[in-house]
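Trainee: Before we start, here is the structure in question, set down as structure tokens.
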Amino acid sequence: MEQQAPQVRDRRPTHGGRAAAAHARSRPQRRPRRSGSRWSAPLAGVGLPVAVAALVAGGPLPAQAAVAAGAGAGAPSAQVYVLQGVAGEVVQVTVDGRTVASAVRSRTVVGPLTVAPGRHSVQLRRGTDVVAQAGFDAAAGASLDLVAHRFPDAARAAAFTSFTNDVSAVAPGRTRLRVVHTAVVPPADIVVNGTVLMSNLANGESATRVVPDGAYQVSIVPTASTGPAVFGPTTLRVGAGTLTNVFAIGDPAAGTMDAIVQALPVRTGNGSGAPSRVETGDGGQAAALLARTGPDPAMVAGLVGAVGCVLVLLATAARRRGVR
Amino acid sequence: MAAAAATGATTAALAVVVLLAGCRSDAVGDRPGAATAPRAAASTAAVGAGPSELVPAPVRPATAPSLVAVPSGLPQVAVGRDRSGAAPFVPLEVVLPSGRSAPVLAADTGADGTLAVPPDPAQVGWWTGGARAGDPYGSLVLAGHVDSRRYGVGVLAELASARPGGLVRLAAGSAVRSYRITSVRRVPKASLAADGDIFARRGPARLVLLTCGGAFDARTHSYADNVVVLASPLP
């Protein structure tokens with residue numbers, strides 16, 4: 001997973017998290033400038049293509065303008081991932097009626113798709129059959145996961161649930177871990193390294209924790225029970241500077257329990273390294289105060305212990321010297 | 001043309017990702033060829049289904065360029081519910097066992113490795129490399145002056161007489177978390193960094209309160225030790 005992160009970063013140059021969101025917020029202020037002085041200067045020198053771009057930017061189609069103008073300058077578009085969490089199905093993924101991937105097996109992440117802000121639709125199809133479909137709203141600058149999955153109610157058809165990715169900065173050496181329940185099991189606890197890290201997650205629910213990078217033993221256990229686990233224990237490795245989404249999918253009764261692990265890069269926030277020294281007193285008044293009130297029992301105990309240790313060490317050293 | 005180049009690079013990067021995922025001998029998934037292979041069976045009742053290690057999901061590049069919003073008339077997608085609970089927070093105030101409180105300011109590690117705690121001993125520093133209140137793992141470190149030549153005795157002077165069982169509260173606005181003191185000890189300053197638990201990123205969540213203590217050298221204006229108070233979060 002550690003190796004994957006930089007590649008993912010290369011793949012997604014416009015995935016700017018807060019920067020993109022800030023960008024999006026600044027859009028209304030930027031638009032008038034674009035149709036004014038910013039565009040009028042190149043208009044004179046460069047000619048028709050820029051004139052067309054300026055017309056589009058100032059025209060009645062703000063969504064298209066955002067995509068066209070944003071291609072080089074960081075678009076306030078949204079990044080969408082479609083996650084195939086329907087075990088046993090091999091599907092075609094369409095967005096806004098256009099096929100974006102074919103022969104997609106379960107546990108696969110399709111994307112990122114760059115979409116203009118606004119309303120879109122997503123479909124999973126098997127030939128002409130619709131496996132799951134939904135409309136969705138893409139907010140400017142957002143990163144959105146659309147996961148198709150089944151439900152604990154076996155009679156219910158597969159459907160999509162959306163989860164917005166929090167791609168804000170995470171402290172150095174840490175990862176934002178989100179576990180999502182999209183499996184055919186009742187509410188469950190997420191047990192990590194032997195303790196419950198997230199409790200009572202039902203289908204369609206997720207929980208997020210910021211954890212240090214490294215390997216974890218993860219299992220999914222029905223809520224408020226000590227087992228048996230419906231999934232795991234299994235090893236999950238998380239890399240620093242990522243949002244790591246783990247979608248539990250499948251049906252233990254059908255032997256299809258699995259997880260979709262998706263690691264998205266996030267910026268590394270502030271946070272300094274471990275200090276080597278902590279200098280927290282240069283007056284001596286506290287020592288004087290302690291001296292006046294007398295040594296406290298803990299210090300006396302510590303002192304007795306230390307003296308005892310020294311005596312034992314001295315005795316041991318003396319014995320060694322004697323042997324030689 | 002730049003966009004086309006970027007797409008090419010993207011596809012290449014994706015291919016590498018998929019290949020890396022495919023190289024893992026323990027990878028189990030719905031990749032071609034693996035779809036019909038039997039999954040390692042659970043041998044005991046306590047072990048659930050699934051692979052022994054989770055590997056990143058195969059990623060498929062999307063073949064469409066930028067998509068413009070089109071109304072479809074389909075019902076809106078269900079929005080996943082967040083059950084993360086109370087958000088972790090950077091403490092802005094600490095309430096000590098005596099009931100005295102102090103404001104908490106961010107403290108970075110300087111270039112010389114010394115933690116830059118607030119000069120005013122009525123204030124306490126939060127090490128920016130540590131955990132926040134409510135994070136599940138690692139040390140949340142607060143440090144403050146026991147005293148100062150300029151300001152006098154500090155608020156953390158009471159740590160020298162702290163006892164296991166004492167309560168410490170951290171707050172930021174309406175967010176509050178309480179901790180119970182589990183140990184109070186003195187560590188020679190030079191061996192503070194070697195003490196594995198104090199600045200640990202991993203391991204259980206704990207609060208570490210640091211100040212100075214032990215013998216005071218009036219010539220160097222320095223204490224010999226650090227007082228180290230460990231506390232565990234209360235549910």
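Residue numbering restarts at 1 in every chain; chains get A, B, ... in the order shown in the structure tokens, and ligands count up from 1 in that same order.
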Apply DSSP to the structure's backbone, then extract all residues of range 24-194 of chain B labelled strand (DSSP E) and return them as a PyMOL selection string.

Mentor: chain B and resi 53-54+59-60+78-79+81-82+93-95+101-107+124-127+139-143+147-148+152-153+167-172+175-188

Trainee: Would you kindly return, as a ChimeraX atom specification, each protein, DNA or RNA residue with an atom no farther than 8 Å from any atom of Ser84 in chain B, considering only C-alpha atoms and excluding same-chain residues fewer than 6 positions away?

Mentor: /A:198,206-209

Trainee: Can you pull out the residues contacting Glu158 in chain B? Cut-off 10 Å, using only C-alpha atoms, and skip same-chain residues under 4 positions away; I want them as a PDB file with N, CA and C atoms, in the first residue's frame.

Mentor:
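Below is the file that was written, result-v5.pdb:
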```pdb
ATOM      1  N   ALA A 286      10.074  26.039  42.382  1.00  0.00           N
ATOM      2  CA  ALA A 286       9.304  24.837  42.702  1.00  0.00           C
ATOM      3  C   ALA A 286      10.128  23.903  43.586  1.00  0.00           C
TER       4      ALA A 286
ATOM      5  N   LEU B  96      -6.310  20.111  35.968  1.00  0.00           N
ATOM      6  CA  LEU B  96      -5.437  19.207  36.722  1.00  0.00           C
ATOM      7  C   LEU B  96      -6.192  18.595  37.904  1.00  0.00           C
ATOM      8  N   PRO B  97      -5.600  17.566  38.558  1.00  0.00           N
ATOM      9  CA  PRO B  97      -6.304  16.906  39.677  1.00  0.00           C
ATOM     10  C   PRO B  97      -6.753  17.884  40.768  1.00  0.00           C
ATOM     11  N   SER B  98      -5.992  18.954  40.982  1.00  0.00           N
ATOM     12  CA  SER B  98      -6.366  19.920  42.021  1.00  0.00           C
ATOM     13  C   SER B  98      -7.576  20.756  41.631  1.00  0.00           C
ATOM     14  N   ARG B 100      -7.222  23.065  39.318  1.00  0.00           N
ATOM     15  CA  ARG B 100      -6.655  24.224  38.609  1.00  0.00           C
ATOM     16  C   ARG B 100      -6.611  23.913  37.114  1.00  0.00           C
ATOM     17  N   VAL B 146       7.699  23.917  35.229  1.00  0.00           N
ATOM     18  CA  VAL B 146       7.406  23.775  36.653  1.00  0.00           C
ATOM     19  C   VAL B 146       7.616  25.125  37.340  1.00  0.00           C
ATOM     20  N   VAL B 153       6.527  30.093  40.074  1.00  0.00           N
ATOM     21  CA  VAL B 153       6.104  28.686  40.057  1.00  0.00           C
ATOM     22  C   VAL B 153       5.003  28.476  39.013  1.00  0.00           C
ATOM     23  N   GLY B 154       5.080  27.345  38.308  1.00  0.00           N
ATOM     24  CA  GLY B 154       4.133  27.042  37.238  1.00  0.00           C
ATOM     25  C   GLY B 154       2.980  26.173  37.703  1.00  0.00           C
ATOM     26  N   ALA B 162       1.389  14.467  42.305  1.00  0.00           N
ATOM     27  CA  ALA B 162       0.235  13.759  41.728  1.00  0.00           C
ATOM     28  C   ALA B 162       0.288  12.288  42.114  1.00  0.00           C
ATOM     29  N   THR B 211       6.811  17.755  33.042  1.00  0.00           N
ATOM     30  CA  THR B 211       7.405  18.987  33.542  1.00  0.00           C
ATOM     31  C   THR B 211       8.778  18.628  34.097  1.00  0.00           C
TER      32      THR B 211
END
```

Trainee: So how many Å separate CA of Val187 in chain B and CA of Asn226 in chain B, to one decimal?

Mentor: 5.3 Å

Trainee: As a VMD selection string, please: the residues near Tyr151 in chain B (cut-off 10 Å, only C-alpha atoms, same-chain neighbours under 2 positions excluded).

Mentor: (chain A and resid 283 285) or (chain B and resid 119 to 122 145 147 to 149 153 to 154)

Trainee: Could you write out the selected residues, including N, CA and C atoms, as a short mmCIF file (atom, residue, chain, number, x, y, z; two decimals), in the first residue's frame?

Mentor:
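Now in part.cif:
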```
data_model
loop_
_atom_site.label_atom_id
_atom_site.label_comp_id
_atom_site.auth_asym_id
_atom_site.auth_seq_id
_atom_site.Cartn_x
_atom_site.Cartn_y
_atom_site.Cartn_z
N GLY A 283 13.76 28.31 37.08
CA GLY A 283 13.69 29.24 38.19
C GLY A 283 14.15 28.64 39.51
N GLN A 285 12.17 27.84 41.86
CA GLN A 285 11.21 28.15 42.94
C GLN A 285 10.43 26.90 43.35
N PRO B 119 6.61 29.91 27.29
CA PRO B 119 7.50 30.44 28.33
C PRO B 119 6.76 30.74 29.63
N ASP B 120 5.48 31.09 29.51
CA ASP B 120 4.69 31.39 30.70
C ASP B 120 4.28 30.07 31.37
N PRO B 121 4.72 29.83 32.62
CA PRO B 121 4.41 28.54 33.26
C PRO B 121 2.95 28.39 33.68
N ALA B 122 2.14 29.43 33.43
CA ALA B 122 0.69 29.29 33.65
C ALA B 122 0.04 28.64 32.44
N HIS B 145 6.26 24.43 32.04
CA HIS B 145 7.32 24.76 33.00
C HIS B 145 6.84 24.54 34.43
N ASP B 147 8.57 25.88 36.82
CA ASP B 147 8.80 27.25 37.30
C ASP B 147 9.62 28.01 36.27
N SER B 148 9.72 29.31 36.51
CA SER B 148 10.45 30.17 35.58
C SER B 148 11.07 31.31 36.38
N ARG B 149 12.29 31.65 36.01
CA ARG B 149 12.98 32.75 36.70
C ARG B 149 12.14 34.02 36.63
N VAL B 153 6.53 30.09 40.07
CA VAL B 153 6.10 28.69 40.06
C VAL B 153 5.00 28.48 39.01
N GLY B 154 5.08 27.34 38.31
CA GLY B 154 4.13 27.04 37.24
C GLY B 154 2.98 26.17 37.70
#
```

Trainee: What does the distance between CA of Val110 in chain A and CA of Glu53 in chain B come to in Å, to one decimal place?

Mentor: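 Between these atoms lies a distance of 21.8 Å.
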
Trainee: Please compute the CA of Val176 in chain B-CA of Ala205 in chain B distance, one decimal, in Å.

Mentor: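 About the pair CA of Val176 in chain B and CA of Ala205 in chain B: they are 15.4 Å apart.
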
Trainee: Mind checking which residues fall within 7 Å of range 258-266 of chain A, counting only C-alpha atoms, ignoring those fewer than 4 positions away in the same chain, and posting them as a list of chain:residue names?

Mentor: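 Within the cut-off, the hits are A:Ala5, A:Val8, A:Arg9, A:Arg107, A:Val167, A:Ser168, A:Ala169, A:Val170, A:Gly241, A:Thr242, A:Leu243, A:Thr244, A:Asn245, A:Val246, A:Phe247, A:Ala248, A:Ile249, A:Gly250, B:Gly50, B:Val55, B:Pro56, B:Ala57.
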
Trainee: For C-alpha atoms, I'd like the residues from the last selection saved as a compact mmCIF listing (two decimals), in the first residue's frame.

Mentor:
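Dumped everything to part-v7.txt:
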```
# COMPACT_ATOMS: atom_id res chain seq x y z
CA ALA A 5 0.29 5.96 -2.76
CA VAL A 8 -2.27 7.12 -7.02
CA ARG A 9 -1.17 10.69 -6.44
CA ARG A 107 -13.97 -5.79 -5.34
CA VAL A 167 -9.28 14.17 1.92
CA SER A 168 -8.23 16.95 4.30
CA ALA A 169 -4.68 16.81 5.64
CA VAL A 170 -3.67 14.16 8.16
CA GLY A 241 -0.63 10.24 4.29
CA THR A 242 -3.65 8.36 3.03
CA LEU A 243 -7.35 8.06 3.46
CA THR A 244 -7.76 4.28 3.58
CA ASN A 245 -11.33 3.13 2.98
CA VAL A 246 -12.19 -0.47 3.81
CA PHE A 247 -15.59 -1.55 2.50
CA ALA A 248 -16.79 -4.84 3.94
CA ILE A 249 -18.77 -6.56 1.19
CA GLY A 250 -20.33 -9.94 0.48
CA GLY B 50 -11.90 -13.73 4.11
CA VAL B 55 -4.63 -5.88 -0.35
CA PRO B 56 -5.66 -2.75 -2.24
CA ALA B 57 -8.58 -3.36 -4.54
```

Trainee: Leaving out Arg60 in chain B and any residue of its chain fewer than 5 positions from it, which residues lie within 8 Å of it when counting only C-alpha atoms, given as a list in words?

Mentor: Ala101, Thr108, Val109, Val110 and Gly111 of chain A; Leu14 of chain B

Trainee: As a list in words, please: the residues near Ala106 in chain B (cut-off 12 Å, only C-alpha atoms, same-chain neighbours under 2 positions excluded).

Mentor: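 Using only C-alpha atoms, the neighbours found are Asn270, Gly271 and Ser272 of chain A; Val90, Pro91, Leu92, Glu93, Pro103, Val104, Asp108, Thr109, Leu115, Ala116, Val117, Pro118, Gln123, Val124, Gly125, Trp126, Trp127, Thr128, Gly129, Gly130, Arg132, Leu140, Val141, Leu142, Ala143 and Gly144 of chain B.
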
Trainee: Which one of B:Pro164, B:Pro88, B:Gly80, B:Pro204 sits closest to chain A if you count only C-alpha atoms?

Mentor: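 When distances to chain A are compared using only C-alpha atoms, the smallest one comes from B:Gly80.
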